[in-house]
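Enquirer: Enclosed is the structure file run19.cif (mmCIF, C-alpha atoms and all ligand atoms).
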data_run
#
loop_
_atom_site.label_atom_id
_atom_site.label_comp_id
_atom_site.auth_asym_id
_atom_site.auth_seq_id
_atom_site.Cartn_x
_atom_site.Cartn_y
_atom_site.Cartn_z
CA LEU A 431 0.00 0.00 0.00
CA THR A 432 1.52 3.31 -1.00
CA PRO A 433 1.10 6.40 1.22
CA ARG A 434 -0.85 7.93 -1.65
CA GLU A 435 -3.33 5.03 -1.70
CA GLU A 436 -3.71 5.28 2.05
CA SER A 437 -4.44 8.99 1.98
CA SER A 438 -6.84 8.59 -0.93
CA ASN A 439 -8.89 5.99 1.00
CA ARG A 440 -8.99 8.35 3.98
CA SER A 441 -10.21 11.21 1.86
CA ARG A 442 -12.85 9.02 0.20
CA ILE A 443 -14.25 8.07 3.61
CA ALA A 444 -14.08 11.74 4.61
CA ARG A 445 -16.11 12.64 1.52
CA LEU A 446 -18.65 9.95 2.38
CA ARG A 447 -18.96 11.42 5.90
CA PHE A 448 -19.54 14.82 4.37
CA ALA A 449 -22.21 13.34 2.07
CA PHE A 450 -24.13 11.71 4.91
CA SER A 451 -23.72 14.67 7.26
CA GLU A 452 -26.85 16.02 5.56
CA LEU A 453 -28.82 12.95 6.59
CA PRO A 454 -30.34 12.34 10.03
CA ALA A 455 -27.84 9.52 10.60
CA GLU A 456 -24.89 8.77 12.87
CA ALA A 457 -23.43 6.01 10.69
CA VAL A 458 -23.58 4.43 7.23
CA LEU A 459 -23.56 0.70 6.59
CA VAL A 460 -21.81 -0.05 3.30
CA THR A 461 -22.71 -3.51 1.95
CA HIS A 462 -21.92 -3.34 -1.78
CA LEU A 463 -18.44 -4.80 -2.36
CA PRO A 464 -17.33 -2.36 -5.10
CA ASN A 465 -18.18 0.47 -2.68
CA ILE A 466 -16.13 -1.20 0.06
CA LEU A 467 -13.24 -1.62 -2.39
CA TYR A 468 -13.48 2.04 -3.34
CA LEU A 469 -13.44 3.22 0.27
CA THR A 470 -10.89 0.83 1.79
CA GLY A 471 -9.00 -1.07 -0.93
CA PHE A 472 -10.42 -4.44 0.20
CA THR A 473 -10.90 -6.85 -2.74
CA GLY A 474 -12.39 -9.82 -0.84
CA SER A 475 -15.73 -11.40 -1.70
CA ALA A 476 -17.40 -10.77 1.69
CA GLY A 477 -17.28 -7.85 4.10
CA LEU A 478 -19.33 -5.08 5.69
CA LEU A 479 -18.13 -1.56 6.30
CA LEU A 480 -19.53 0.63 9.06
CA VAL A 481 -18.60 4.29 8.67
CA GLU A 482 -19.30 6.28 11.82
CA ARG A 483 -18.80 9.98 12.52
CA GLU A 484 -15.44 9.31 14.16
CA GLY A 485 -14.10 5.97 12.92
CA SER A 486 -14.74 3.26 10.34
CA VAL A 487 -14.69 -0.49 10.83
CA LEU A 488 -14.45 -3.12 8.12
CA PHE A 489 -15.86 -6.46 9.29
CA ILE A 490 -14.45 -9.50 7.55
CA ASP A 491 -14.30 -13.23 8.22
CA SER A 492 -11.19 -15.25 9.02
CA ARG A 493 -10.56 -16.16 5.36
CA TYR A 494 -9.59 -12.57 4.76
CA THR A 495 -7.54 -11.64 7.83
CA LEU A 496 -4.16 -11.71 6.06
CA GLN A 497 -5.47 -10.22 2.84
CA ALA A 498 -7.17 -7.33 4.63
CA ARG A 499 -3.99 -6.56 6.56
CA GLU A 500 -2.25 -6.09 3.23
CA GLU A 501 -5.01 -4.29 1.35
CA VAL A 502 -7.06 -2.15 3.72
CA SER A 503 -6.39 1.39 4.75
CA GLY A 504 -8.54 4.18 6.14
CA ALA A 505 -10.62 1.78 8.29
CA ASP A 506 -10.02 -0.51 11.27
CA VAL A 507 -10.37 -4.18 10.43
CA ARG A 508 -12.19 -6.69 12.68
CA THR A 509 -12.41 -10.39 11.99
CA ALA A 510 -15.97 -11.40 12.91
CA LYS A 511 -16.27 -14.65 14.85
CA HIS A 512 -20.02 -15.17 14.58
CA GLY A 513 -20.92 -13.66 11.24
CA LEU A 514 -20.59 -10.20 9.76
CA LEU A 515 -24.15 -9.07 10.44
CA ARG A 516 -23.94 -9.96 14.10
CA ALA A 517 -20.59 -8.18 14.39
CA VAL A 518 -22.12 -4.99 12.95
CA ALA A 519 -25.07 -5.28 15.35
CA GLU A 520 -22.79 -5.80 18.33
CA ARG A 521 -20.73 -2.78 17.38
CA ILE A 522 -23.91 -0.68 17.39
CA GLY A 523 -24.97 -2.38 20.63
CA ARG A 524 -27.38 -0.55 22.87
CA ARG A 525 -26.55 2.86 21.46
CA ARG A 526 -29.27 4.86 19.83
CA VAL A 527 -27.97 4.89 16.26
CA ARG A 528 -29.67 6.09 13.12
CA LEU A 529 -28.06 3.95 10.45
CA ALA A 530 -28.03 4.97 6.79
CA TYR A 531 -28.13 2.09 4.30
CA ALA A 532 -28.81 1.53 0.61
CA PRO A 533 -32.19 -0.28 0.28
CA SER A 534 -31.15 -1.74 -3.08
CA GLN A 535 -28.06 -3.33 -1.48
CA LEU A 536 -29.37 -4.85 1.76
CA THR A 537 -31.70 -7.83 1.81
CA VAL A 538 -34.67 -8.10 4.15
CA ALA A 539 -32.98 -11.11 5.77
CA GLN A 540 -29.78 -9.13 6.44
CA LYS A 541 -31.73 -6.22 7.87
CA THR A 542 -33.72 -8.53 10.15
CA ALA A 543 -30.54 -10.26 11.37
CA ILE A 544 -28.94 -6.93 12.32
CA GLU A 545 -32.10 -5.84 14.13
CA LYS A 546 -32.21 -9.11 16.03
CA HIS A 547 -28.69 -8.73 17.37
CA ALA A 548 -28.70 -4.95 17.98
CA GLY A 549 -30.04 -3.48 21.18
CA GLY A 550 -33.40 -2.36 19.82
CA ARG A 551 -32.69 1.35 19.57
CA LEU A 552 -31.45 1.12 15.99
CA ARG A 553 -33.25 3.27 13.40
CA TRP A 554 -32.85 2.75 9.65
CA VAL A 555 -32.33 5.68 7.28
CA PRO A 556 -32.70 4.70 3.61
CA ALA A 557 -30.12 6.42 1.39
CA ASP A 558 -29.24 5.00 -2.01
CA HIS A 559 -26.20 5.96 -4.13
CA LEU A 560 -24.17 7.77 -1.42
CA VAL A 561 -20.93 6.05 -2.47
CA GLU A 562 -21.90 5.63 -6.13
CA ARG A 563 -22.16 9.39 -6.50
CA LEU A 564 -18.60 9.78 -5.21
CA ARG A 565 -17.38 6.98 -7.47
CA ALA A 566 -18.82 8.66 -10.56
CA ILE A 567 -16.05 11.29 -10.46
CA LYS A 568 -12.66 9.68 -10.98
CA ASP A 569 -9.43 11.09 -9.55
CA ALA A 570 -6.20 11.36 -11.55
CA GLU A 571 -4.99 7.91 -10.57
CA GLU A 572 -8.29 6.28 -11.49
CA LEU A 573 -8.32 8.09 -14.85
CA SER A 574 -4.83 6.83 -15.55
CA LEU A 575 -5.81 3.23 -14.74
CA MET A 576 -8.94 3.46 -16.85
CA GLY A 577 -6.91 4.80 -19.75
CA GLN A 578 -4.60 1.80 -19.41
CA ALA A 579 -7.55 -0.62 -19.24
CA ALA A 580 -9.10 0.92 -22.36
CA ARG A 581 -5.84 0.77 -24.28
CA LEU A 582 -5.35 -2.84 -23.25
CA SER A 583 -8.81 -3.75 -24.62
CA SER A 584 -8.13 -1.83 -27.80
CA ARG A 585 -4.86 -3.64 -28.44
CA VAL A 586 -6.32 -7.06 -27.64
CA LEU A 587 -9.25 -6.51 -29.98
CA GLU A 588 -7.07 -5.28 -32.84
CA GLN A 589 -4.67 -8.19 -32.44
CA SER A 590 -7.52 -10.70 -32.34
CA LEU A 591 -9.07 -9.62 -35.64
CA ARG A 592 -6.71 -11.90 -37.55
CA ILE A 593 -8.30 -14.99 -36.01
CA LEU A 594 -11.75 -13.89 -37.13
CA ARG A 595 -12.68 -15.93 -40.14
CA PRO A 596 -15.50 -18.11 -41.40
CA GLY A 597 -15.57 -21.47 -39.62
CA ARG A 598 -14.44 -20.20 -36.22
CA ARG A 599 -16.86 -20.73 -33.37
CA GLU A 600 -18.08 -17.66 -31.46
CA THR A 601 -16.98 -19.28 -28.19
CA GLU A 602 -13.51 -19.91 -29.62
CA VAL A 603 -13.06 -16.25 -30.56
CA ALA A 604 -14.37 -15.13 -27.16
CA ALA A 605 -11.93 -17.44 -25.39
CA GLU A 606 -9.07 -16.08 -27.48
CA LEU A 607 -9.98 -12.49 -26.56
CA GLU A 608 -10.13 -13.32 -22.85
CA LEU A 609 -6.84 -15.21 -22.93
CA ARG A 610 -5.11 -12.32 -24.67
CA MET A 611 -6.49 -9.86 -22.11
CA LYS A 612 -4.97 -11.85 -19.27
CA ARG A 613 -1.68 -12.26 -21.09
CA ALA A 614 -1.63 -8.48 -21.53
CA GLY A 615 -1.88 -8.04 -17.75
CA ALA A 616 -5.63 -7.89 -17.09
CA GLU A 617 -7.14 -9.66 -14.07
CA GLY A 618 -9.87 -10.94 -16.35
CA PRO A 619 -12.81 -9.84 -18.49
CA SER A 620 -15.09 -7.17 -17.02
CA PHE A 621 -18.11 -9.11 -18.33
CA GLU A 622 -18.68 -12.20 -20.43
CA THR A 623 -17.17 -11.37 -23.82
CA ILE A 624 -19.74 -11.05 -26.60
CA VAL A 625 -18.97 -12.52 -30.02
CA ALA A 626 -22.10 -12.69 -32.13
CA GLY A 627 -22.23 -13.44 -35.84
CA GLY A 628 -24.97 -13.06 -38.45
CA PRO A 629 -28.58 -12.77 -37.23
CA ARG A 630 -27.40 -13.26 -33.63
CA SER A 631 -25.49 -9.97 -33.86
CA ALA A 632 -28.95 -8.35 -33.67
CA TRP A 633 -29.16 -9.48 -30.04
CA PRO A 634 -27.48 -6.61 -28.20
CA HIS A 635 -26.37 -8.91 -25.36
CA ALA A 636 -25.86 -12.20 -27.16
CA ARG A 637 -23.76 -14.80 -25.36
CA PRO A 638 -21.16 -16.50 -27.53
CA SER A 639 -22.60 -19.75 -28.90
CA SER A 640 -21.04 -22.77 -30.55
CA ASN A 641 -22.21 -21.42 -33.93
CA ARG A 642 -19.52 -21.04 -36.53
CA LEU A 643 -18.98 -17.64 -38.12
CA LYS A 644 -19.99 -17.50 -41.78
CA LYS A 645 -18.89 -15.53 -44.79
CA SER A 646 -21.01 -12.46 -45.63
CA GLU A 647 -22.06 -11.80 -42.06
CA LEU A 648 -21.75 -9.02 -39.52
CA VAL A 649 -19.87 -9.90 -36.33
CA VAL A 650 -20.27 -7.86 -33.14
CA LEU A 651 -17.37 -8.10 -30.68
CA ASP A 652 -18.00 -6.52 -27.27
CA GLN A 653 -15.34 -7.01 -24.64
CA GLY A 654 -13.77 -5.37 -21.65
CA ALA A 655 -10.92 -6.04 -19.28
CA ILE A 656 -10.37 -5.46 -15.58
CA LEU A 657 -7.02 -3.87 -14.87
CA ARG A 658 -6.16 -3.24 -11.21
CA SER A 659 -9.90 -3.38 -10.43
CA TYR A 660 -10.95 -0.89 -13.15
CA CYS A 661 -13.07 -1.91 -16.13
CA SER A 662 -12.97 -1.16 -19.80
CA ASP A 663 -15.82 -1.85 -22.24
CA MET A 664 -15.48 -1.63 -26.00
CA THR A 665 -17.39 -2.86 -29.05
CA ARG A 666 -16.42 -3.16 -32.68
CA THR A 667 -18.43 -4.56 -35.57
CA VAL A 668 -16.78 -6.18 -38.59
CA TYR A 669 -17.98 -7.89 -41.75
CA LEU A 670 -16.68 -11.21 -43.03
CA GLY A 671 -16.15 -10.66 -46.74
CA ARG A 672 -17.09 -7.77 -48.98
CA SER A 673 -20.16 -6.03 -47.54
CA PRO A 674 -23.20 -4.79 -49.43
CA ARG A 675 -23.44 -1.01 -49.75
CA LYS A 676 -26.49 -0.92 -47.49
CA ILE A 677 -24.48 -2.36 -44.59
CA ARG A 678 -21.64 0.11 -45.15
CA GLU A 679 -24.13 2.98 -45.09
CA MET A 680 -25.67 1.71 -41.88
CA TYR A 681 -22.23 1.45 -40.32
CA ARG A 682 -21.46 5.04 -41.32
CA ALA A 683 -24.71 6.20 -39.72
CA VAL A 684 -23.86 4.50 -36.42
CA LEU A 685 -20.34 5.95 -36.51
CA GLU A 686 -21.76 9.40 -37.19
CA ALA A 687 -24.19 9.00 -34.28
CA GLN A 688 -21.31 8.02 -32.02
CA ALA A 689 -19.17 10.98 -33.11
CA ALA A 690 -22.08 13.39 -32.60
CA ALA A 691 -22.77 11.99 -29.12
CA LYS A 692 -19.09 12.37 -28.19
CA ALA A 693 -19.11 15.95 -29.46
CA ALA A 694 -22.11 16.67 -27.22
CA VAL A 695 -20.22 15.57 -24.10
CA GLN A 696 -19.35 18.61 -21.97
CA PRO A 697 -19.36 19.31 -18.25
CA GLY A 698 -22.77 20.80 -17.42
CA VAL A 699 -24.66 18.86 -20.08
CA PRO A 700 -27.43 16.53 -18.85
CA ALA A 701 -26.69 12.89 -19.72
CA GLU A 702 -30.01 12.55 -21.60
CA LYS A 703 -28.85 15.23 -24.04
CA VAL A 704 -25.96 13.04 -25.23
CA ASP A 705 -28.40 10.18 -25.79
CA LEU A 706 -30.78 12.46 -27.68
CA VAL A 707 -28.01 13.63 -30.02
CA ALA A 708 -27.12 10.04 -31.00
CA ARG A 709 -30.78 9.20 -31.54
CA ARG A 710 -31.33 12.28 -33.69
CA VAL A 711 -28.53 11.31 -36.09
CA LEU A 712 -29.95 7.81 -36.53
CA LYS A 713 -33.40 9.29 -37.02
CA GLY A 714 -32.02 11.26 -39.94
CA TYR A 715 -31.19 7.94 -41.61
CA GLY A 716 -34.52 6.33 -40.71
CA LEU A 717 -32.70 4.01 -38.31
CA ALA A 718 -33.82 5.36 -34.91
CA LYS A 719 -36.36 2.56 -34.39
CA PHE A 720 -33.53 0.00 -34.52
CA PHE A 721 -31.59 1.72 -31.72
CA THR A 722 -33.13 -0.14 -28.81
CA HIS A 723 -30.90 0.65 -25.84
CA SER A 724 -29.27 3.61 -24.10
CA THR A 725 -26.32 5.44 -25.63
CA GLY A 726 -24.00 4.54 -22.79
CA HIS A 727 -23.25 4.24 -19.10
CA GLY A 728 -20.71 5.15 -16.45
CA LEU A 729 -17.74 2.85 -16.05
CA GLY A 730 -15.23 2.30 -13.25
CA LEU A 731 -14.90 -0.39 -10.59
CA GLU A 732 -18.07 -1.80 -12.13
CA VAL A 733 -18.81 -2.15 -15.80
CA HIS A 734 -22.14 -0.38 -15.36
CA GLU A 735 -22.27 2.46 -12.89
CA MET A 736 -23.49 6.03 -12.61
CA PRO A 737 -24.41 7.93 -14.73
CA ARG A 738 -26.64 6.21 -17.28
CA ILE A 739 -26.49 7.93 -20.67
CA GLY A 740 -30.09 7.45 -21.67
CA ARG A 741 -33.53 8.95 -22.00
CA GLY A 742 -34.76 10.76 -18.92
CA GLU A 743 -31.34 10.78 -17.21
CA ARG A 744 -31.03 14.25 -15.73
CA THR A 745 -27.62 13.70 -14.13
CA VAL A 746 -25.36 16.49 -15.28
CA LEU A 747 -22.00 15.44 -16.72
CA GLU A 748 -18.96 16.54 -14.74
CA ALA A 749 -15.25 16.52 -15.48
CA GLY A 750 -13.76 13.27 -14.19
CA MET A 751 -16.68 11.04 -15.19
CA VAL A 752 -15.87 8.08 -17.43
CA ILE A 753 -18.68 6.88 -19.68
CA THR A 754 -19.22 4.66 -22.68
CA ILE A 755 -20.68 5.97 -25.94
CA GLU A 756 -22.20 3.02 -27.77
CA PRO A 757 -25.02 3.63 -30.20
CA GLY A 758 -26.14 0.55 -32.13
CA ILE A 759 -28.80 -0.67 -34.53
CA TYR A 760 -30.27 -4.16 -34.54
CA ILE A 761 -32.27 -5.55 -37.44
CA GLU A 762 -33.97 -8.89 -37.08
CA GLY A 763 -32.69 -11.44 -39.58
CA LEU A 764 -29.91 -9.16 -40.82
CA GLY A 765 -27.76 -8.42 -37.79
CA GLY A 766 -26.49 -5.64 -35.58
CA ILE A 767 -23.94 -2.85 -35.68
CA ARG A 768 -22.58 -1.28 -32.50
CA ILE A 769 -19.54 0.93 -31.99
CA GLU A 770 -18.55 1.52 -28.39
CA ASP A 771 -15.74 3.56 -26.85
CA ASP A 772 -14.83 4.63 -23.35
CA VAL A 773 -14.47 8.37 -22.93
CA ALA A 774 -13.47 10.62 -20.07
CA VAL A 775 -15.41 13.84 -19.52
CA THR A 776 -12.90 16.70 -19.35
CA ALA A 777 -13.22 20.49 -19.16
CA HIS A 778 -12.74 20.47 -22.94
CA GLY A 779 -15.27 17.74 -23.72
CA ALA A 780 -14.94 14.02 -24.36
CA GLN A 781 -11.49 12.47 -24.40
CA ASP A 782 -11.29 9.06 -26.07
CA LEU A 783 -9.75 6.37 -23.86
CA SER A 784 -10.35 3.56 -26.37
CA THR A 785 -7.81 3.68 -29.16
CA ALA A 786 -8.87 0.92 -31.58
CA SER A 787 -9.71 2.00 -35.12
CA ARG A 788 -13.38 2.70 -35.80
CA GLU A 789 -13.10 2.17 -39.54
CA PHE A 790 -15.43 -0.47 -40.94
CA LEU A 791 -13.39 -3.61 -41.41
CA GLU A 792 -14.16 -6.18 -44.07
CA LEU A 793 -12.13 -9.27 -43.23
MN MN B 1 -21.07 -0.96 -22.58
#
Could you quickly redo this structure as structure tokens?
Expert:
Amino acid sequence: LTPREESSNRSRIARLRFAFSELPAEAVLVTHLPNILYLTGFTGSAGLLLVEREGSVLFIDSRYTLQAREEVSGADVRTAKHGLLRAVAERIGRRRVRLAYAPSQLTVAQKTAIEKHAGGRLRWVPADHLVERLRAIKDAEELSLMGQAARLSSRVLEQSLRILRPGRRETEVAAELELRMKRAGAEGPSFETIVAGGPRSAWPHARPSSNRLKKSELVVLDQGAILRSYCSDMTRTVYLGRSPRKIREMYRAVLEAQAAAKAAVQPGVPAEKVDLVARRVLKGYGLAKFFTHSTGHGLGLEVHEMPRIGRGERTVLEAGMVITIEPGIYIEGLGGIRIEDDVAVTAHGAQDLSTASREFLEL
């Protein structure tokens, strides 16, 4: 742990305290693991973080004692003997505590177990997104890591194009992409790699199947890597063989929509505006009805996080956010075209983190 990492965890917890100082609460229970990672550095698969006005305690089980000693800073670590929920409840004890929690990240069973073991003077204060709002704005070190993750994905995708040919199974290509990511230093894929050929490319979230790629088909490749806990997410669409003009025109329309959406990215702009700009371009080509998902999403420790770049999303873009811009069109029977990049919001607009070529490739 570097001194810089230690001080950054402390300041993140300090910012969380500031955020909940506006709530009628003495403490926040953090249950969502990516939030715990963000605040303390802990990468384990189980833990609960209690942030109080004065101190913070991360409760773990004995599997993680050594790991937490190495990873955690900014919070005290306690190894719970009789379960994490009971340890949290015992810490609260008979005190009269108003405890903030995220309703979408605590089950009814967990809540009941804490109540059972606490002294009965516990009050719950629902508060979603306290940590997620902090996470949406990346610091310089996070931006640097995300740039590296995006470049890694870009290189892996470009290098893997040469194995794309008729006869290859979708699963085989996906496995190759994931292997290359790890060889390039990634911890793993940030989601199950999508390789979808022909009519299946019209399924925006197709899982790779045992189908073999065929000549004269579109292939959508959507992949991301995790590098030092940060995700990338990038999509390219290629054609196997010489494409009909209609497909090339559709590709150009999607690329134009993506460029227009990127150009609309500015601090102060509501996220829904960026989505609207992409949609308007596709509308001009009569393709808007085939664009069936949002234009993008925030990216960071999780592959989907705040803000959503879609209809009705009023969140205002701020410098330091990292988002995807990924318009796509999906036509039943024919296939899909999606072009996705990761961009950082800067004072001067969108800065591309993904570096792979966006030119339409006919392989
Ligand atoms: Mn995405």
Enquirer: Would you list the residues that come within 10 Å of ligand MN 1 (chain B)? Count all atoms listed in the file and give the answer as a PyMOL selection string.
Expert: chain A and resi 621+635+652-654+662-665+724-729+733-734+753-757+769-772
Enquirer: Atoms to include: C-alpha atoms. Write the selected residues as a short mmCIF file (atom, residue, chain, number, x, y, z; two decimals), in the frame of the given file.
Expert:
data_model
loop_
_atom_site.label_atom_id
_atom_site.label_comp_id
_atom_site.auth_asym_id
_atom_site.auth_seq_id
_atom_site.Cartn_x
_atom_site.Cartn_y
_atom_site.Cartn_z
CA PHE A 621 -18.11 -9.11 -18.33
CA HIS A 635 -26.37 -8.91 -25.36
CA ASP A 652 -18.00 -6.52 -27.27
CA GLN A 653 -15.34 -7.01 -24.64
CA GLY A 654 -13.77 -5.37 -21.65
CA SER A 662 -12.97 -1.16 -19.80
CA ASP A 663 -15.82 -1.85 -22.24
CA MET A 664 -15.48 -1.63 -26.00
CA THR A 665 -17.39 -2.86 -29.05
CA SER A 724 -29.27 3.61 -24.10
CA THR A 725 -26.32 5.44 -25.63
CA GLY A 726 -24.00 4.54 -22.79
CA HIS A 727 -23.25 4.24 -19.10
CA GLY A 728 -20.71 5.15 -16.45
CA LEU A 729 -17.74 2.85 -16.05
CA VAL A 733 -18.81 -2.15 -15.80
CA HIS A 734 -22.14 -0.38 -15.36
CA ILE A 753 -18.68 6.88 -19.68
CA THR A 754 -19.22 4.66 -22.68
CA ILE A 755 -20.68 5.97 -25.94
CA GLU A 756 -22.20 3.02 -27.77
CA PRO A 757 -25.02 3.63 -30.20
CA ILE A 769 -19.54 0.93 -31.99
CA GLU A 770 -18.55 1.52 -28.39
CA ASP A 771 -15.74 3.56 -26.85
CA ASP A 772 -14.83 4.63 -23.35
#
Enquirer: What is the distance between atom CA of A:Leu515 and atom CA of A:Asn439, in Å to one decimal?
Expert: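 These two atoms are separated by 23.4 Å.
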Enquirer: From the list A:Ala539, A:Ala718, A:Ile761, A:Ala570, which residue is nearest A:Pro629 when using all atoms listed in the file?
Expert: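 Among A:Ala539, A:Ala718, A:Ile761, A:Ala570, it is A:Ile761 that comes nearest to A:Pro629.
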Enquirer: List the neighbours of A:Pro674 out to 12 Å using only C-alpha atoms; skip same-chain residues closer than 2 positions along the sequence, and give me the result as an mmCIF file with C-alpha atoms, in the coordinates of the input.
Expert:
data_model
loop_
_atom_site.group_PDB
_atom_site.id
_atom_site.type_symbol
_atom_site.label_atom_id
_atom_site.label_comp_id
_atom_site.auth_asym_id
_atom_site.auth_seq_id
_atom_site.Cartn_x
_atom_site.Cartn_y
_atom_site.Cartn_z
ATOM 1 C CA SER A 646 -21.010 -12.460 -45.630
ATOM 2 C CA GLU A 647 -22.060 -11.800 -42.060
ATOM 3 C CA LEU A 648 -21.750 -9.020 -39.520
ATOM 4 C CA TYR A 669 -17.980 -7.890 -41.750
ATOM 5 C CA LEU A 670 -16.680 -11.210 -43.030
ATOM 6 C CA GLY A 671 -16.150 -10.660 -46.740
ATOM 7 C CA ARG A 672 -17.090 -7.770 -48.980
ATOM 8 C CA LYS A 676 -26.490 -0.920 -47.490
ATOM 9 C CA ILE A 677 -24.480 -2.360 -44.590
ATOM 10 C CA ARG A 678 -21.640 0.110 -45.150
ATOM 11 C CA GLU A 679 -24.130 2.980 -45.090
ATOM 12 C CA MET A 680 -25.670 1.710 -41.880
ATOM 13 C CA TYR A 681 -22.230 1.450 -40.320
ATOM 14 C CA LEU A 764 -29.910 -9.160 -40.820
ATOM 15 C CA GLU A 792 -14.160 -6.180 -44.070
#
Enquirer: Return the single residue from A:Thr542, A:Lys719, A:Ala530, A:Val695 that is closest to A:Ala780, with distances computed using only C-alpha atoms.
Expert: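 Among A:Thr542, A:Lys719, A:Ala530, A:Val695, it is A:Val695 that comes nearest to A:Ala780.
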Enquirer: I'd like to know which of A:Glu617, A:Phe790, A:Pro737, A:Arg581 is closest to A:Arg675, using all atoms listed in the file.
Expert: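 For A:Arg675, the nearest of the candidates is A:Phe790.
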Enquirer: Can you check which parts of stretch 567-596 of chain A lie within 12 Å of stretch 467-487 of chain A? Per residue, the shortest pair of atoms and distance in Å to one decimal, counting only C-alpha atoms, sorted by chain and number, as a Markdown table.
Expert:
| residue | atom | partner | partner_atom | distance |
| --- | --- | --- | --- | --- |
| A:Ile567 | CA | A:Tyr468 | CA | 12.0 |
| A:Lys568 | CA | A:Tyr468 | CA | 10.8 |
| A:Asp569 | CA | A:Tyr468 | CA | 11.7 |
| A:Glu572 | CA | A:Tyr468 | CA | 10.6 |
Enquirer: Using all atoms listed in the file, pick whichever of A:Val649, A:Ile490, A:Thr667, A:Ala605 has the shortest atom-to-atom distance to A:Gly618.
Expert: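 Counting all atoms listed in the file, the residue closest to A:Gly618 is A:Ala605.
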Enquirer: In file coordinates, which residues lie within 10 Å of (-23.9, -1.8, 16.1) using all atoms listed in the file, given as a list of chain:residue names?
Expert: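 Result, sorted by chain then residue number: A:Ala457, A:Leu459, A:Leu480, A:Leu515, A:Arg516, A:Ala517, A:Val518, A:Ala519, A:Glu520, A:Arg521, A:Ile522, A:Gly523, A:Arg524, A:Arg525, A:Arg526, A:Val527, A:Leu529, A:Ile544, A:Glu545, A:His547, A:Ala548, A:Gly549, A:Arg551, A:Leu552.
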Enquirer: Go ahead and fit an axis-aligned box to every listed atom of stretch 513-518 of chain A plus 6 Å each side, and pass me the centre and edge lengths in Å, one decimal, as AutoDock Vina command-line options.
Expert:
--center_x -22.4 --center_y -9.3 --center_z 12.1 --size_x 15.6 --size_y 20.7 --size_z 16.6
Enquirer: Do you have the atom CA of A:Gln696-atom CA of A:Val746 distance handy?
Expert: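 It comes out at 9.2 Å.
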Enquirer: In Å, with one decimal, what is the gap from atom CA of A:Ser784 to atom CA of A:Gln578?
Expert: 9.2 Å
Enquirer: So which one's closest to A:Thr745, A:Leu731, A:Leu657, A:Arg642, A:Ala566? Using only C-alpha atoms, please.
Expert: A:Ala566
Enquirer: Given all atoms listed in the file as the basis, pick out the residue of A:Ala749, A:Ala626, A:Ala708, A:Ile656 nearest to A:Met611.
Expert: A:Ile656
Enquirer: Applying 7 Å and all atoms listed in the file, which residues near A:Ala557 remain after dropping the ones on its own chain fewer than 3 positions away? List them as a PDB file with C-alpha atoms, in the coordinates of the input.
Expert:
ATOM      1  CA  ALA A 530     -28.030   4.970   6.790  1.00  0.00           C
ATOM      2  CA  TYR A 531     -28.130   2.090   4.300  1.00  0.00           C
ATOM      3  CA  ALA A 532     -28.810   1.530   0.610  1.00  0.00           C
ATOM      4  CA  LEU A 560     -24.170   7.770  -1.420  1.00  0.00           C
TER       5      LEU A 560
END
Enquirer: Write out as a ChimeraX atom specification which residues come within 8 Å of stretch 507-511 of chain A when counting all atoms listed in the file, dropping same-chain ones fewer than 6 positions away.
Expert: /A:487-492,495,498-499,517
